[in-house]
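As stored in work_17.cif (mmCIF, C-alpha atoms):
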```
data_final
#
loop_
_atom_site.label_atom_id
_atom_site.label_comp_id
_atom_site.auth_asym_id
_atom_site.auth_seq_id
_atom_site.Cartn_x
_atom_site.Cartn_y
_atom_site.Cartn_z
CA MET A 1 -5.16 -12.23 -4.15
CA LYS A 2 -7.15 -12.97 -7.31
CA LEU A 3 -6.78 -16.26 -9.18
CA GLN A 4 -8.59 -16.55 -12.50
CA THR A 5 -8.50 -19.19 -15.22
CA PRO A 6 -10.60 -20.20 -18.24
CA VAL A 7 -11.93 -23.75 -17.99
CA THR A 8 -13.35 -24.03 -21.51
CA ASP A 9 -14.13 -21.47 -24.22
CA ARG A 10 -17.50 -20.95 -22.46
CA SER A 11 -16.55 -21.14 -18.81
CA GLU A 12 -14.16 -19.70 -16.26
CA ALA A 13 -13.36 -19.99 -12.57
CA GLU A 14 -12.24 -17.30 -10.15
CA ILE A 15 -10.97 -17.40 -6.58
CA TYR A 16 -10.31 -14.37 -4.37
CA LEU A 17 -8.25 -14.99 -1.25
CA ALA A 18 -8.18 -12.52 1.63
CA SER A 19 -6.66 -12.35 5.08
CA SER A 20 -8.98 -12.71 8.06
CA VAL A 21 -12.29 -12.16 6.31
CA ASN A 22 -14.96 -11.53 8.93
CA GLN A 23 -18.75 -11.80 8.70
CA ALA A 24 -19.09 -8.24 9.99
CA PRO A 25 -18.44 -5.90 7.03
CA THR A 26 -17.38 -3.10 9.38
CA ALA A 27 -14.55 -5.29 10.71
CA GLY A 28 -13.62 -7.26 7.63
CA TYR A 29 -9.88 -7.56 8.13
CA VAL A 30 -7.32 -7.96 10.90
CA THR A 31 -4.85 -5.08 10.83
CA PHE A 32 -1.20 -5.76 10.18
CA SER A 33 -0.14 -5.61 13.80
CA ASP A 34 0.17 -8.02 16.72
CA PHE A 35 2.95 -9.99 15.01
CA SER A 36 2.51 -12.96 17.35
CA ARG A 37 -1.00 -13.67 16.08
CA GLY A 38 -1.51 -15.61 12.85
CA LYS A 39 -3.49 -14.20 9.94
CA PRO A 40 -5.75 -16.88 8.40
CA ILE A 41 -6.33 -16.86 4.64
CA THR A 42 -9.91 -17.58 3.57
CA PHE A 43 -12.12 -17.39 0.49
CA LYS A 44 -13.53 -13.91 -0.06
CA ARG A 45 -15.05 -15.08 -3.32
CA ALA A 46 -14.90 -18.39 -5.23
CA PHE A 47 -17.17 -19.09 -8.18
CA PHE A 48 -17.63 -20.74 -11.57
CA ASN A 49 -19.15 -18.94 -14.59
CA TYR A 50 -20.72 -20.69 -17.57
CA TYR A 51 -21.72 -18.81 -20.73
CA PHE A 52 -24.48 -20.16 -22.97
CA GLY A 53 -22.78 -18.84 -26.09
CA ALA A 54 -19.88 -16.54 -26.98
CA LYS A 55 -18.58 -14.81 -23.86
CA GLU A 56 -17.99 -11.51 -25.68
CA ASN A 57 -21.55 -11.36 -27.05
CA PRO A 58 -23.73 -9.04 -24.89
CA LYS A 59 -26.77 -11.20 -25.77
CA THR A 60 -25.27 -14.31 -24.19
CA PRO A 61 -26.90 -15.57 -20.95
CA PHE A 62 -24.55 -16.81 -18.25
CA MET A 63 -24.70 -18.55 -14.89
CA SER A 64 -22.56 -18.10 -11.77
CA PHE A 65 -22.27 -20.70 -9.03
CA GLY A 66 -20.46 -20.55 -5.67
CA LYS A 67 -19.57 -17.58 -3.49
CA ILE A 68 -20.19 -15.19 -6.33
CA GLN A 69 -19.69 -11.55 -7.18
CA ASN A 70 -22.96 -9.70 -6.58
CA PRO A 71 -24.79 -10.00 -9.93
CA TYR A 72 -27.40 -7.26 -9.37
CA TRP A 73 -27.30 -3.72 -10.73
CA ARG A 74 -26.90 -1.20 -7.90
CA GLY A 75 -26.58 2.05 -9.83
CA GLU A 76 -22.83 1.73 -10.43
CA VAL A 77 -21.17 4.88 -11.74
CA GLY A 78 -17.39 5.02 -11.44
CA GLY A 79 -16.58 4.32 -7.79
CA TYR A 80 -20.20 4.62 -6.63
CA ALA A 81 -22.71 1.81 -6.04
CA SER A 82 -25.88 1.84 -3.94
CA GLU A 83 -25.72 -0.13 -0.67
CA ILE A 84 -29.28 0.35 0.57
CA PHE A 85 -29.96 -3.41 0.24
CA TRP A 86 -26.61 -5.00 -0.71
CA ASP A 87 -23.43 -3.82 1.00
CA ASN A 88 -20.34 -3.65 -1.22
CA ASP A 89 -18.72 -6.34 0.94
CA VAL A 90 -21.47 -8.92 0.34
CA ASP A 91 -20.68 -11.83 -1.98
CA PRO A 92 -23.80 -14.05 -1.86
CA GLU A 93 -23.41 -17.83 -1.78
CA GLY A 94 -25.55 -19.74 -4.25
CA VAL A 95 -26.40 -19.68 -7.95
CA ALA A 96 -27.45 -16.82 -10.25
CA LEU A 97 -28.57 -16.65 -13.88
CA LYS A 98 -28.36 -13.47 -15.97
CA VAL A 99 -30.38 -13.38 -19.21
CA PRO A 100 -30.31 -10.44 -21.69
CA ILE A 101 -33.88 -9.99 -22.97
CA VAL A 102 -33.37 -6.99 -25.27
CA ALA A 103 -29.97 -5.78 -26.46
CA ASN A 104 -29.74 -3.02 -29.06
CA LYS A 105 -28.41 0.53 -29.32
CA LYS A 106 -31.61 2.18 -28.06
CA LEU A 107 -32.74 -0.22 -25.35
CA SER A 108 -31.36 -3.07 -23.30
CA VAL A 109 -33.31 -5.17 -20.81
CA THR A 110 -31.68 -7.79 -18.58
CA ALA A 111 -33.18 -10.22 -16.09
CA THR A 112 -31.10 -11.62 -13.19
CA THR A 113 -32.38 -14.30 -10.83
CA GLY A 114 -30.57 -16.03 -7.99
CA PHE A 115 -31.03 -18.33 -5.00
CA TYR A 116 -28.66 -18.07 -2.03
CA THR A 117 -28.15 -19.53 1.42
CA ILE A 118 -27.90 -17.39 4.55
CA ASN A 119 -27.94 -19.77 7.51
CA LEU A 120 -27.91 -23.59 7.52
CA PRO A 121 -28.61 -24.69 11.13
CA ASN A 122 -28.13 -28.17 12.54
CA LYS A 123 -31.31 -30.23 12.20
CA GLN A 124 -32.09 -31.14 15.81
CA LEU A 125 -35.45 -32.38 17.07
CA PHE A 126 -37.24 -30.31 19.70
CA ARG A 127 -34.87 -27.37 19.21
CA GLY A 128 -37.23 -24.85 17.66
CA LEU A 129 -37.35 -23.93 14.01
CA THR A 130 -34.40 -25.45 12.17
CA THR A 131 -35.24 -24.78 8.53
CA ASP A 132 -32.53 -23.24 6.35
CA THR A 133 -32.63 -19.47 5.96
CA THR A 134 -32.43 -18.56 2.26
CA ILE A 135 -32.97 -15.66 -0.12
CA PHE A 136 -34.46 -15.65 -3.61
CA SER A 137 -33.78 -12.45 -5.58
CA THR A 138 -34.82 -11.45 -9.05
CA GLN A 139 -34.22 -8.17 -10.88
CA VAL A 140 -35.26 -6.72 -14.22
CA LYS A 141 -33.07 -3.83 -15.37
CA ALA A 142 -33.62 -1.47 -18.31
CA ASP A 143 -31.22 0.97 -19.98
CA SER A 144 -32.31 3.58 -22.52
CA GLY A 145 -29.97 6.46 -23.24
CA PHE A 146 -29.32 8.41 -20.05
CA PHE A 147 -32.08 6.56 -18.13
CA HIS A 148 -31.37 3.42 -16.13
CA GLY A 149 -33.90 1.67 -13.93
CA ALA A 150 -34.56 -1.61 -12.18
CA ILE A 151 -37.18 -3.39 -10.14
CA SER A 152 -36.02 -6.10 -7.74
CA TYR A 153 -38.02 -8.57 -5.69
CA HIS A 154 -36.45 -10.39 -2.73
CA VAL A 155 -37.97 -13.29 -0.76
CA ILE A 156 -36.02 -14.00 2.43
CA ASP A 157 -37.40 -17.19 3.97
CA ASN A 158 -37.21 -18.82 7.41
CA LEU A 159 -35.82 -15.79 9.20
CA ASN A 160 -37.01 -17.18 12.53
CA SER A 161 -34.97 -20.35 12.21
CA GLY A 162 -33.60 -21.17 15.66
CA LEU A 163 -36.61 -19.67 17.48
CA LEU A 164 -37.89 -21.86 20.34
CA VAL A 165 -40.78 -20.76 22.53
CA PRO A 166 -41.60 -23.06 25.50
CA THR A 167 -45.32 -23.89 25.59
CA VAL A 168 -47.96 -25.31 27.89
CA THR A 169 -50.12 -28.16 26.52
CA ALA A 170 -53.72 -26.93 26.49
CA SER A 171 -55.67 -30.20 26.36
CA GLY A 172 -55.44 -34.00 26.22
CA VAL A 173 -53.65 -36.40 28.53
CA ASN A 174 -50.74 -33.97 28.82
CA ALA A 175 -52.92 -30.94 29.57
CA GLY A 176 -51.12 -28.40 31.69
CA LEU A 177 -47.70 -29.91 30.97
CA THR A 178 -45.08 -27.19 30.69
CA ASP A 179 -42.19 -27.43 28.25
CA THR A 180 -39.08 -26.92 30.37
CA SER A 181 -36.75 -26.34 27.42
CA PRO A 182 -34.99 -22.97 27.60
CA GLY A 183 -36.35 -20.55 25.02
CA THR A 184 -34.03 -19.38 22.27
CA SER A 185 -34.24 -16.37 19.96
CA ALA A 186 -33.98 -16.60 16.18
CA SER A 187 -30.43 -17.51 15.22
CA LEU A 188 -29.82 -14.33 13.24
CA LEU A 189 -30.97 -12.14 16.12
CA SER A 190 -28.86 -14.13 18.59
CA ALA A 191 -25.65 -13.70 16.61
CA PRO A 192 -23.66 -10.45 16.43
CA GLY A 193 -24.03 -8.56 13.18
CA LEU A 194 -25.82 -5.77 11.39
CA GLN A 195 -29.14 -7.65 11.78
CA SER A 196 -29.27 -6.34 15.36
CA THR A 197 -30.79 -3.22 13.77
CA ASN A 198 -33.80 -5.17 12.47
CA ALA A 199 -36.94 -5.01 14.59
CA HIS A 200 -37.02 -7.48 17.51
CA TYR A 201 -40.42 -8.96 18.43
CA ALA A 202 -40.80 -10.61 21.86
CA TYR A 203 -42.25 -14.12 21.50
CA ASN A 204 -41.68 -14.91 25.18
CA ASN A 205 -39.68 -13.56 28.10
CA GLY A 206 -36.20 -12.94 26.67
CA VAL A 207 -37.03 -14.73 23.39
CA PHE A 208 -36.99 -12.58 20.25
CA GLY A 209 -37.71 -13.15 16.59
CA PHE A 210 -38.48 -11.25 13.42
CA GLY A 211 -41.92 -9.77 12.81
CA ALA A 212 -42.48 -12.29 10.01
CA ASN A 213 -40.79 -15.58 9.15
CA THR A 214 -40.59 -14.45 5.51
CA PHE A 215 -39.71 -11.00 4.19
CA ASN A 216 -41.11 -10.05 0.77
CA ILE A 217 -39.24 -6.92 -0.29
CA VAL A 218 -39.63 -4.78 -3.40
CA ASN A 219 -36.72 -2.53 -4.38
CA LEU A 220 -37.15 0.17 -7.05
CA SER A 221 -34.18 2.05 -8.51
CA ALA A 222 -34.03 4.83 -11.10
CA GLN A 223 -31.01 6.72 -12.36
CA LEU A 224 -30.31 9.61 -14.71
CA ALA A 225 -26.75 9.58 -16.04
CA PRO A 226 -26.20 11.39 -19.36
CA LYS A 227 -23.48 10.06 -21.59
CA VAL A 228 -20.45 12.32 -21.97
CA LYS A 229 -17.20 12.19 -23.91
CA PRO A 230 -14.25 10.42 -22.23
CA GLY A 231 -12.51 12.74 -19.81
CA LYS A 232 -15.56 14.95 -19.34
CA ILE A 233 -17.52 15.32 -16.10
CA GLN A 234 -20.63 13.14 -15.96
CA PRO A 235 -23.35 14.12 -13.45
CA PHE A 236 -25.75 11.45 -12.17
CA LEU A 237 -28.84 11.25 -10.00
CA HIS A 238 -29.95 7.99 -8.37
CA TYR A 239 -33.20 7.31 -6.47
CA GLU A 240 -34.17 4.11 -4.66
CA TYR A 241 -37.12 2.83 -2.66
CA LEU A 242 -37.67 -0.26 -0.49
CA ASN A 243 -40.90 -1.78 0.84
CA ASN A 244 -41.31 -4.92 2.93
CA GLY A 245 -44.86 -6.18 2.37
CA SER A 246 -44.59 -8.86 5.07
CA VAL A 247 -44.69 -6.53 8.09
CA ASN A 248 -46.94 -3.58 8.89
CA PHE A 249 -44.51 -1.35 10.77
CA GLU A 250 -41.07 0.10 10.04
CA ASN A 251 -41.20 -1.51 6.62
CA ASP A 252 -40.00 1.02 4.04
CA GLY A 253 -37.00 3.12 3.10
CA TRP A 254 -35.74 5.49 0.45
CA GLY A 255 -32.58 7.20 -0.64
CA VAL A 256 -31.31 9.72 -3.16
CA THR A 257 -27.77 10.25 -4.47
CA LEU A 258 -26.36 13.14 -6.46
CA GLY A 259 -22.87 12.79 -7.85
CA VAL A 260 -20.31 13.44 -10.58
CA ASN A 261 -17.93 11.06 -12.30
CA LYS A 262 -14.94 11.65 -14.55
CA SER A 263 -13.44 8.79 -16.53
CA LYS A 264 -10.94 8.64 -19.35
CA LEU A 265 -12.64 5.55 -20.75
CA ALA A 266 -15.74 5.64 -22.95
CA ASP A 267 -17.60 3.04 -20.86
CA GLY A 268 -17.52 5.36 -17.82
CA LYS A 269 -15.68 2.96 -15.54
CA ALA A 270 -13.18 4.55 -13.17
CA SER A 271 -10.13 2.48 -14.03
CA SER A 272 -7.48 4.95 -15.18
CA LYS A 273 -5.12 7.23 -13.30
CA GLY A 274 -6.81 10.52 -12.51
CA ASP A 275 -10.39 9.21 -12.70
CA TYR A 276 -12.64 10.17 -9.81
CA THR A 277 -16.21 9.94 -8.48
CA LEU A 278 -17.82 12.25 -5.90
CA TRP A 279 -21.30 11.79 -4.43
CA PHE A 280 -23.74 12.87 -1.74
CA THR A 281 -26.32 10.37 -0.45
CA TYR A 282 -29.25 10.89 1.89
CA ARG A 283 -31.31 7.94 3.15
CA ASP A 284 -34.18 7.23 5.53
CA VAL A 285 -34.45 3.47 6.09
CA SER A 286 -36.77 1.82 8.61
CA SER A 287 -35.69 -1.19 10.65
CA ASP A 288 -37.40 -3.88 8.52
CA ALA A 289 -37.09 -2.29 5.08
CA ALA A 290 -34.30 -4.79 4.36
CA LEU A 291 -32.47 -7.65 6.02
CA ALA A 292 -29.79 -5.65 7.81
CA THR A 293 -27.29 -8.53 7.58
CA PHE A 294 -26.65 -7.49 3.97
CA ALA A 295 -27.36 -3.74 4.16
CA ASP A 296 -25.01 -0.76 4.23
CA SER A 297 -22.41 -1.17 6.98
CA ASP A 298 -21.13 2.40 6.57
CA LEU A 299 -24.09 4.74 6.27
CA GLY A 300 -26.54 3.50 8.92
CA GLY A 301 -24.73 0.36 10.03
CA GLY A 302 -27.56 -1.88 8.77
CA THR A 303 -31.12 -0.48 8.92
CA ASP A 304 -33.12 1.84 11.22
CA TYR A 305 -31.38 5.13 10.34
CA LYS A 306 -31.70 8.46 8.58
CA GLY A 307 -28.80 10.64 7.53
CA TYR A 308 -26.25 11.38 4.85
CA GLN A 309 -22.93 10.34 3.39
CA LEU A 310 -20.43 12.51 1.52
CA ALA A 311 -17.87 10.34 -0.27
CA GLY A 312 -15.34 10.22 -3.06
CA ASN A 313 -13.08 7.84 -4.94
CA TYR A 314 -9.87 8.93 -6.75
CA ARG A 315 -7.53 6.77 -8.86
CA LEU A 316 -3.94 7.44 -7.83
CA GLN A 317 -2.81 4.83 -10.36
CA ASP A 318 -4.69 2.53 -12.74
CA ASN A 319 -4.73 -0.14 -10.02
CA LEU A 320 -4.64 2.03 -6.90
CA ALA A 321 -7.43 4.22 -5.51
CA PHE A 322 -7.98 6.45 -2.51
CA ARG A 323 -11.47 6.58 -0.99
CA ALA A 324 -12.90 8.83 1.70
CA ALA A 325 -16.40 8.73 3.18
CA TRP A 326 -18.01 10.95 5.82
CA GLN A 327 -21.19 9.66 7.48
CA SER A 328 -23.57 11.53 9.77
CA TYR A 329 -26.82 9.84 10.73
CA GLN A 330 -29.31 9.04 13.46
CA GLY A 331 -29.29 5.29 13.89
CA PHE A 332 -30.42 2.31 15.94
CA PRO A 333 -32.41 2.26 18.16
CA VAL A 334 -35.41 3.97 16.49
CA LYS A 335 -33.17 6.51 14.73
CA THR A 336 -32.15 8.18 17.98
CA ASN A 337 -28.43 7.39 18.22
CA ASN A 338 -26.33 10.17 16.63
CA VAL A 339 -23.33 8.77 14.75
CA THR A 340 -20.63 10.71 12.90
CA ARG A 341 -17.60 8.98 11.43
CA LEU A 342 -14.95 9.25 8.72
CA PHE A 343 -13.52 6.34 6.71
CA LEU A 344 -10.27 6.56 4.73
CA ASP A 345 -9.31 3.67 2.43
CA LEU A 346 -6.45 2.87 0.09
CA ILE A 347 -7.60 0.22 -2.40
CA ARG A 348 -5.39 -1.98 -4.56
CA TYR A 349 -7.08 -3.54 -7.63
CA PHE A 350 -5.97 -6.84 -9.11
#
```
Structure rendered as structure tokens:
Amino acid sequence: MKLQTPVTDRSEAEIYLASSVNQAPTAGYVTFSDFSRGKPITFKRAFFNYYFGAKENPKTPFMSFGKIQNPYWRGEVGGYASEIFWDNDVDPEGVALKVPIVANKKLSVTATTGFYTINLPNKQLFRGLTTDTTIFSTQVKADSGFFHGAISYHVIDNLNSGLLVPTVTASGVNAGLTDTSPGTSASLLSAPGLQSTNAHYAYNNGVFGFGANTFNIVNLSAQLAPKVKPGKIQPFLHYEYLNNGSVNFENDGWGVTLGVNKSKLADGKASSKGDYTLWFTYRDVSSDAALATFADSDLGGGTDYKGYQLAGNYRLQDNLAFRAAWQSYQGFPVKTNNVTRLFLDLIRYF
């Protein structure tokens, strides 16, 4: 359910309610069965937008605050969007600012910067690292005719929050004293989720953490999508690359997508009956190329995979779409687990 209302002439608020939203994107909803079990309603998305000028003006900067709609360009064409770093199900929690730098008929350049929380642990003494896990992301996107490109930089900090490694005091009056506290792994690696596909480094017997407490990740995207008349077939080619400069192993990934889109609307958005998008994606993503918590839950199930997806999206009605996706890849661990699966979705738009 979507609830939307203007607050002032420069601001608006939106709330999206969903049944049984789960942190695991591959199991986001409880099926309509088991009538004796309740279905909780929670916030899928809840945010406030403020515009620093006229909302309709493409040159107007605006800010989003709350559990927001993903503000970053991901190569969207019709029903397609890249999920190499951000899964379609991810709505980050924090604040983002989008600023148009250049906006004319030949060239547009937009900068988007945001700060979001990932994990806020209880602050307990002598319980390992307890600093908040956060992510800072900034992107500069350019559009010029049929070319679209972006460079993104992500800083994911305090990944090893929750890590506790018992130690032995080396010198002083307490020399030789052994810490008897039980060791604990980093909170993200202890919890179920896609991050299980990130690399695990042994800090002690049975205690695991990330290879670096901070990930510094660069994401490059380039797309060719020629403009066509409404109702005509639009081909597109999308390339993307990831590199994590904070670790020395299993730190990069790439992907390429070739597709076609047909839309009755001039802006190319698939929002009318009969519109469709078809695409083929191949990716090879190492375990620490991204934080797998947010990465693609369909193709690869996080990170540490190589393989392809063949997918399509067709509008049965203006507000109703059918989507099918076939995945075949070699996944976690170390790209050795062969996975083949088919997803069929019926999507209602509000």
- Message: When the PyMOL selection byres ((chain A and resi 14) around 9) is applied to the structure above, which residues does it catch, written out as a PyMOL selection string?
- Response: chain A and resi 2-6+12-13+15-16+45-49
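Distance check against Ile151 in chain A using all atoms listed in the file: of A:Val102, A:Ala311, A:Val109, A:Val228, the minimum falls on A:Val109.
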- Between CA of Gly312 in chain A and CA of Trp326 in chain A - distance in Å to one decimal: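 Going from CA of Trp326 in chain A over to CA of Gly312 in chain A, I get 9.3 Å.
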Would you give me, as CSV, each residue of range 257-340 of chain A having an atom within 9 Å of an atom of range 200-220 of chain A, along with its shortest atom pair and that distance in Å to one decimal, using all atoms listed in the file and sorting by chain and residue number?
```
residue,atom,partner,partner_atom,distance
A:Asp288,CA,A:Gly211,CA,8.6
A:Ala289,CA,A:Ile217,CA,7.4
A:Ala290,CA,A:Ile217,CA,7.1
A:Leu291,CA,A:Phe215,CA,8.2
```
- May I have the protein, DNA and RNA residues with any atom at most 7 Å from the point (-29.7, -15.7, -1.6), counting only C-alpha atoms, written as a PyMOL selection string? chain A and resi 92-94+114-118+134-137
Output for the residues just chosen: C-alpha atoms as an mmCIF file, in the frame of the given file:
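Output (out-v5.cif):
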```cif
data_model
loop_
_atom_site.group_PDB
_atom_site.id
_atom_site.type_symbol
_atom_site.label_atom_id
_atom_site.label_comp_id
_atom_site.auth_asym_id
_atom_site.auth_seq_id
_atom_site.Cartn_x
_atom_site.Cartn_y
_atom_site.Cartn_z
ATOM 1 C CA PRO A 92 -23.800 -14.050 -1.860
ATOM 2 C CA GLU A 93 -23.410 -17.830 -1.780
ATOM 3 C CA GLY A 94 -25.550 -19.740 -4.250
ATOM 4 C CA GLY A 114 -30.570 -16.030 -7.990
ATOM 5 C CA PHE A 115 -31.030 -18.330 -5.000
ATOM 6 C CA TYR A 116 -28.660 -18.070 -2.030
ATOM 7 C CA THR A 117 -28.150 -19.530 1.420
ATOM 8 C CA ILE A 118 -27.900 -17.390 4.550
ATOM 9 C CA THR A 134 -32.430 -18.560 2.260
ATOM 10 C CA ILE A 135 -32.970 -15.660 -0.120
ATOM 11 C CA PHE A 136 -34.460 -15.650 -3.610
ATOM 12 C CA SER A 137 -33.780 -12.450 -5.580
#
```
- CA of Ser108 in chain A and CA of Asn57 in chain A, how far apart in Å?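 Atom-to-atom, CA of Asn57 in chain A and CA of Ser108 in chain A are spaced 13.4 Å apart.
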- Task: Record the distance separating CA of Asp9 in chain A and CA of Asp91 in chain A, expressed in Å with one decimal.
- Result: 25.1 Å
